[in-house]
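Read through the structure below, which is laid out as structure tokens, and then see the notes.
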Amino acid sequence: MLELHQFRHSAFCLKVRMVLQAKGLSFRTVEVTPGVGQVAVFRLSGQRQVPVLVDGEQVIADSSAIALHLNRREPDPALIPADPRQAAQVHLLEDWADSTLAMAGRSSLVQAAALDPELRVALLPDDLPDPVRSVMGVIPGGWVSNITELVNQKERTELLASLEQLAASVQASPWLVGDSLTLADIAVAAQLSLLRFPSSAGAALAGKGVPGLSDHPKLQPLFQWRDQLELKLMERTLEEV
Ligand SMILES: N[C@@H](CCC(=O)N[C@@H](CS)C(=O)NCC(=O)O)C(=O)O
């Protein structure tokens, strides 16, 4: 059985779960505790970040490397198009999602959580005892340890412009590249979870996110596209069971 070592609310881990679902592969998740739990991740994979996939004897770190591994292991449906032009577009979009979108999404979410105790508590791991959760909720701005985490206005404007382009694209076609699901759709949809959590994030977080973006009228088609994609992938998993 495939084993995914993850943080539940990490967008990179969501990306891998979506690839596994698209391929109809069953897997089990191992929840890693941030900090202490990463020592075991290091022993397992030689580095401390999640996601890490264990496939029999093979241990693979990094969501892009895992996606490529799974695409080779289970070629159907192909998440990377055979056509080299489309394959290049998928690669570039995935790279944009994993770098620019991931960074802007993360800093926007940290900033939103610093201002909103309820969001802060909802982001904590489920297994924390209640007294700890309530203390974490009231520490004012305790989340923002570093001023570089704060998004500046220019970054926010550029992020919004890119997201508006994507919203227009998904209104024209549900697939960002070509005419079927690719890794580009999955990588973008996964990172959007930081801006507005999908229903798979659980009741405490679903629909919550970064004010000004999660509720931006021009971005609603994009979040609806993401929700539809998540539903399609969940149905695919149920069909396989
Ligand atoms: N390039 C990596 C990024 C993975 C990543 O940033 N993982 C974060 C969680 S979202 C992590 O493990 N952070 C803990 C740390 O850096 O110590 C990928 O695509 O998998």
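Residue numbers start at 1 in each chain; chains themselves are named A, B, ... in the order of the structure tokens; ligands are numbered from 1 in the order shown.
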
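Near ligand 1, at a distance of at most 9 Å and with only C-alpha atoms and all ligand atoms counted, sit the residues A:Gln6, A:Phe7, A:His9, A:Ser10, A:Ala11, A:Phe12, A:Cys13, A:Lys15, A:Val16, A:Pro34, A:Gly35, A:Gln38, A:Gln47, A:Arg48, A:Gln49, A:Val50, A:Pro51, A:Val52, A:Ala61, A:Asp62, A:Ser63, A:Ser64, A:Ala65, A:Ile66, A:Asp98, A:Ser99, A:Ala102, A:Arg106.
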
Please produce a file of those selected residues containing C-alpha atoms, as an mmCIF file, in the first residue's frame.
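Below is the file again.cif, written as the result:
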```cif
data_model
loop_
_atom_site.group_PDB
_atom_site.id
_atom_site.type_symbol
_atom_site.label_atom_id
_atom_site.label_comp_id
_atom_site.auth_asym_id
_atom_site.auth_seq_id
_atom_site.Cartn_x
_atom_site.Cartn_y
_atom_site.Cartn_z
ATOM 1 C CA GLN A 6 2.006 14.679 5.104
ATOM 2 C CA PHE A 7 0.788 17.773 6.919
ATOM 3 C CA HIS A 9 -3.322 21.324 5.436
ATOM 4 C CA SER A 10 -0.216 21.585 3.243
ATOM 5 C CA ALA A 11 -1.059 22.502 -0.354
ATOM 6 C CA PHE A 12 1.865 20.380 -1.661
ATOM 7 C CA CYS A 13 0.433 17.352 0.162
ATOM 8 C CA LYS A 15 -1.429 18.170 -4.724
ATOM 9 C CA VAL A 16 -0.090 14.634 -4.207
ATOM 10 C CA PRO A 34 5.472 19.886 12.429
ATOM 11 C CA GLY A 35 8.885 20.107 14.159
ATOM 12 C CA GLN A 38 10.121 15.912 10.881
ATOM 13 C CA GLN A 47 15.377 15.712 4.005
ATOM 14 C CA ARG A 48 12.800 17.249 6.360
ATOM 15 C CA GLN A 49 9.942 18.418 4.161
ATOM 16 C CA VAL A 50 6.627 16.773 3.369
ATOM 17 C CA PRO A 51 5.128 15.330 1.189
ATOM 18 C CA VAL A 52 7.113 12.072 1.138
ATOM 19 C CA ALA A 61 10.316 13.444 -1.557
ATOM 20 C CA ASP A 62 8.991 16.567 -3.354
ATOM 21 C CA SER A 63 5.492 16.817 -4.850
ATOM 22 C CA SER A 64 6.754 17.215 -8.443
ATOM 23 C CA ALA A 65 9.050 14.177 -8.203
ATOM 24 C CA ILE A 66 6.196 12.186 -6.625
ATOM 25 C CA ASP A 98 4.610 25.606 -6.802
ATOM 26 C CA SER A 99 6.725 28.764 -6.521
ATOM 27 C CA ALA A 102 2.624 28.933 -3.251
ATOM 28 C CA ARG A 106 1.362 31.185 2.113
#
```

Can I get the residues of range 17-70 of chain A within 12 Å of range 218-229 of chain A, each with the closest pair of atoms and their distance in Å to one decimal, using only C-alpha atoms, sorted chain first then ascending number, as a tab-separated table?
```
residue	atom	partner	partner_atom	distance
A:Met18	CA	A:Leu229	CA	9.4
A:Val19	CA	A:Leu229	CA	11.7
A:Gln21	CA	A:Leu229	CA	11.1
A:Ala22	CA	A:Leu229	CA	10.1
```

Residue contacts of Pro211 in chain A (9 Å, only C-alpha atoms) excluding same-chain residues fewer than 5 positions away, as number ranges by chain:
A: 112, 195-196, 216

Residues within 12 Å of Leu70 in chain A, please, as number ranges by chain. Count only C-alpha atoms; anything in the same chain fewer than 5 positions from it doesn't count.
A: 2, 16-27, 53-55, 58, 60, 63-65, 75-80, 183

Only N, CA, C and O atoms, please: the residues just picked out, written as a compact mmCIF listing (two decimals), in the first residue's frame.
```txt
# COMPACT_ATOMS: atom_id res chain seq x y z
N LEU A 2 0.55 2.20 -0.88
CA LEU A 2 1.29 3.47 -0.92
C LEU A 2 1.08 4.23 0.38
O LEU A 2 -0.03 4.24 0.93
N VAL A 16 -0.39 16.06 -4.05
CA VAL A 16 -0.09 14.63 -4.21
C VAL A 16 -1.35 13.78 -4.01
O VAL A 16 -1.59 12.83 -4.77
N ARG A 17 -2.19 14.15 -3.03
CA ARG A 17 -3.44 13.38 -2.84
C ARG A 17 -4.30 13.46 -4.10
O ARG A 17 -4.94 12.50 -4.50
N MET A 18 -4.33 14.65 -4.74
CA MET A 18 -5.14 14.80 -5.96
C MET A 18 -4.59 13.94 -7.10
O MET A 18 -5.35 13.36 -7.88
N VAL A 19 -3.26 13.85 -7.20
CA VAL A 19 -2.66 12.99 -8.23
C VAL A 19 -3.04 11.53 -7.95
O VAL A 19 -3.45 10.79 -8.86
N LEU A 20 -2.93 11.11 -6.69
CA LEU A 20 -3.27 9.73 -6.33
C LEU A 20 -4.74 9.44 -6.67
O LEU A 20 -5.07 8.38 -7.20
N GLN A 21 -5.61 10.41 -6.38
CA GLN A 21 -7.04 10.24 -6.68
C GLN A 21 -7.27 10.16 -8.19
O GLN A 21 -8.04 9.33 -8.67
N ALA A 22 -6.60 11.05 -8.94
CA ALA A 22 -6.77 11.06 -10.40
C ALA A 22 -6.38 9.71 -11.00
O ALA A 22 -6.98 9.25 -11.96
N LYS A 23 -5.37 9.08 -10.40
CA LYS A 23 -4.89 7.80 -10.90
C LYS A 23 -5.68 6.63 -10.33
O LYS A 23 -5.41 5.47 -10.66
N GLY A 24 -6.60 6.92 -9.41
CA GLY A 24 -7.38 5.86 -8.79
C GLY A 24 -6.55 4.93 -7.92
O GLY A 24 -6.86 3.76 -7.76
N LEU A 25 -5.46 5.45 -7.35
CA LEU A 25 -4.58 4.61 -6.52
C LEU A 25 -4.99 4.71 -5.05
O LEU A 25 -5.25 5.81 -4.56
N SER A 26 -5.07 3.58 -4.35
CA SER A 26 -5.37 3.68 -2.92
C SER A 26 -4.07 3.91 -2.15
O SER A 26 -3.00 3.48 -2.55
N PHE A 27 -4.21 4.62 -1.05
CA PHE A 27 -3.03 5.00 -0.27
C PHE A 27 -3.46 5.23 1.17
O PHE A 27 -4.65 5.41 1.45
N LEU A 53 6.50 10.21 -0.27
CA LEU A 53 5.74 9.02 -0.64
C LEU A 53 6.61 7.79 -0.48
O LEU A 53 7.76 7.79 -0.93
N VAL A 54 6.05 6.77 0.19
CA VAL A 54 6.75 5.49 0.27
C VAL A 54 6.00 4.50 -0.62
O VAL A 54 4.81 4.25 -0.42
N ASP A 55 6.71 4.01 -1.64
CA ASP A 55 6.13 3.06 -2.58
C ASP A 55 7.02 1.82 -2.54
O ASP A 55 8.04 1.74 -3.25
N GLN A 58 10.84 2.18 -2.49
CA GLN A 58 11.20 3.54 -2.93
C GLN A 58 10.62 4.59 -2.00
O GLN A 58 9.45 4.54 -1.63
N ILE A 60 10.18 8.71 -1.95
CA ILE A 60 10.31 9.87 -2.85
C ILE A 60 9.82 11.12 -2.14
O ILE A 60 8.70 11.16 -1.62
N SER A 63 6.77 17.10 -4.17
CA SER A 63 5.49 16.82 -4.85
C SER A 63 5.67 16.61 -6.36
O SER A 63 4.97 15.78 -6.95
N SER A 64 6.58 17.36 -6.99
CA SER A 64 6.75 17.22 -8.44
C SER A 64 7.39 15.87 -8.77
O SER A 64 6.98 15.19 -9.72
N ALA A 65 8.40 15.48 -7.98
CA ALA A 65 9.05 14.18 -8.20
C ALA A 65 8.05 13.05 -7.95
O ALA A 65 8.01 12.06 -8.69
N PRO A 75 0.24 4.94 -15.85
CA PRO A 75 0.21 5.91 -16.97
C PRO A 75 -1.18 6.44 -17.31
O PRO A 75 -1.29 7.44 -18.00
N ASP A 76 -2.24 5.80 -16.80
CA ASP A 76 -3.59 6.18 -17.20
C ASP A 76 -4.39 6.76 -16.01
O ASP A 76 -4.46 6.11 -14.98
N PRO A 77 -4.96 7.94 -16.13
CA PRO A 77 -4.88 8.89 -17.23
C PRO A 77 -3.55 9.65 -17.19
O PRO A 77 -3.03 9.93 -16.11
N ALA A 78 -3.03 9.97 -18.38
CA ALA A 78 -1.75 10.68 -18.46
C ALA A 78 -1.94 12.11 -17.95
O ALA A 78 -2.77 12.84 -18.46
N LEU A 79 -1.19 12.49 -16.93
CA LEU A 79 -1.32 13.86 -16.39
C LEU A 79 -0.33 14.81 -17.06
O LEU A 79 -0.36 16.01 -16.81
N ILE A 80 0.56 14.24 -17.87
CA ILE A 80 1.47 15.06 -18.68
C ILE A 80 1.21 14.71 -20.13
O ILE A 80 1.36 13.54 -20.52
N LEU A 183 -1.45 17.80 -14.83
CA LEU A 183 -0.79 18.19 -13.59
C LEU A 183 -0.89 19.70 -13.35
O LEU A 183 -0.83 20.16 -12.21
```

Identify, with DSSP run on backbone atoms, the residues in range 25-165 of chain A assigned to strand (DSSP E or B), and express the list as a ChimeraX atom specification.
/A:27-31,52-55,58-61

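CA of Asn71 in chain A sits 14.8 Å away from CA of Ser180 in chain A.
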
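With distances restricted to only C-alpha atoms, A:Leu68 is the closest residue to His91 in chain A from A:Met1, A:Ala122, A:Leu68, A:Leu205.
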
Would you compute the distance between CA of Glu57 in chain A and CA of Leu44 in chain A? Give it in Å to one decimal.
11.2 Å

Quick one: of A:Val32, A:Met234, A:Leu4, A:Leu213, who's nearest to Gly56 in chain A, counting only C-alpha atoms?
A:Leu4

Interatomic distance between CA of Ser199 in chain A and CA of Gln89 in chain A?
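These two atoms are separated by 28.5 Å.
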
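Nearest to Asp127 in chain A of all the residues A:Thr237, A:Ser107, A:Thr33, A:Ser169 is A:Thr33, counting only C-alpha atoms.
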
Test item, helix (DSSP H, G or I) assignment across range 142-203 of chain A, answer as a PyMOL selection string
chain A and resi 147-149+153-172+183-192+199-201

Nearest candidate to Gly207 in chain A (options A:Leu14, A:Thr157, A:Asn152, A:Leu119; using only C-alpha atoms):
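Of A:Leu14, A:Thr157, A:Asn152, A:Leu119, the one nearest Gly207 in chain A, counting only C-alpha atoms, is A:Leu119.
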
Polymer residues at most 12 Å from Ala88 in chain A, only C-alpha atoms, same-chain spacing of 5 or more positions, as number ranges by chain
A: 80-83, 93-95, 177-178, 182-184

Identify which of the residues A:Val36, A:Trp175, A:Gln153, A:Ala187 lies closest to Gln86 in chain A, counting only C-alpha atoms when measuring atom-to-atom distances.
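Nearest candidate to Gln86 in chain A out of A:Val36, A:Trp175, A:Gln153, A:Ala187: A:Trp175.
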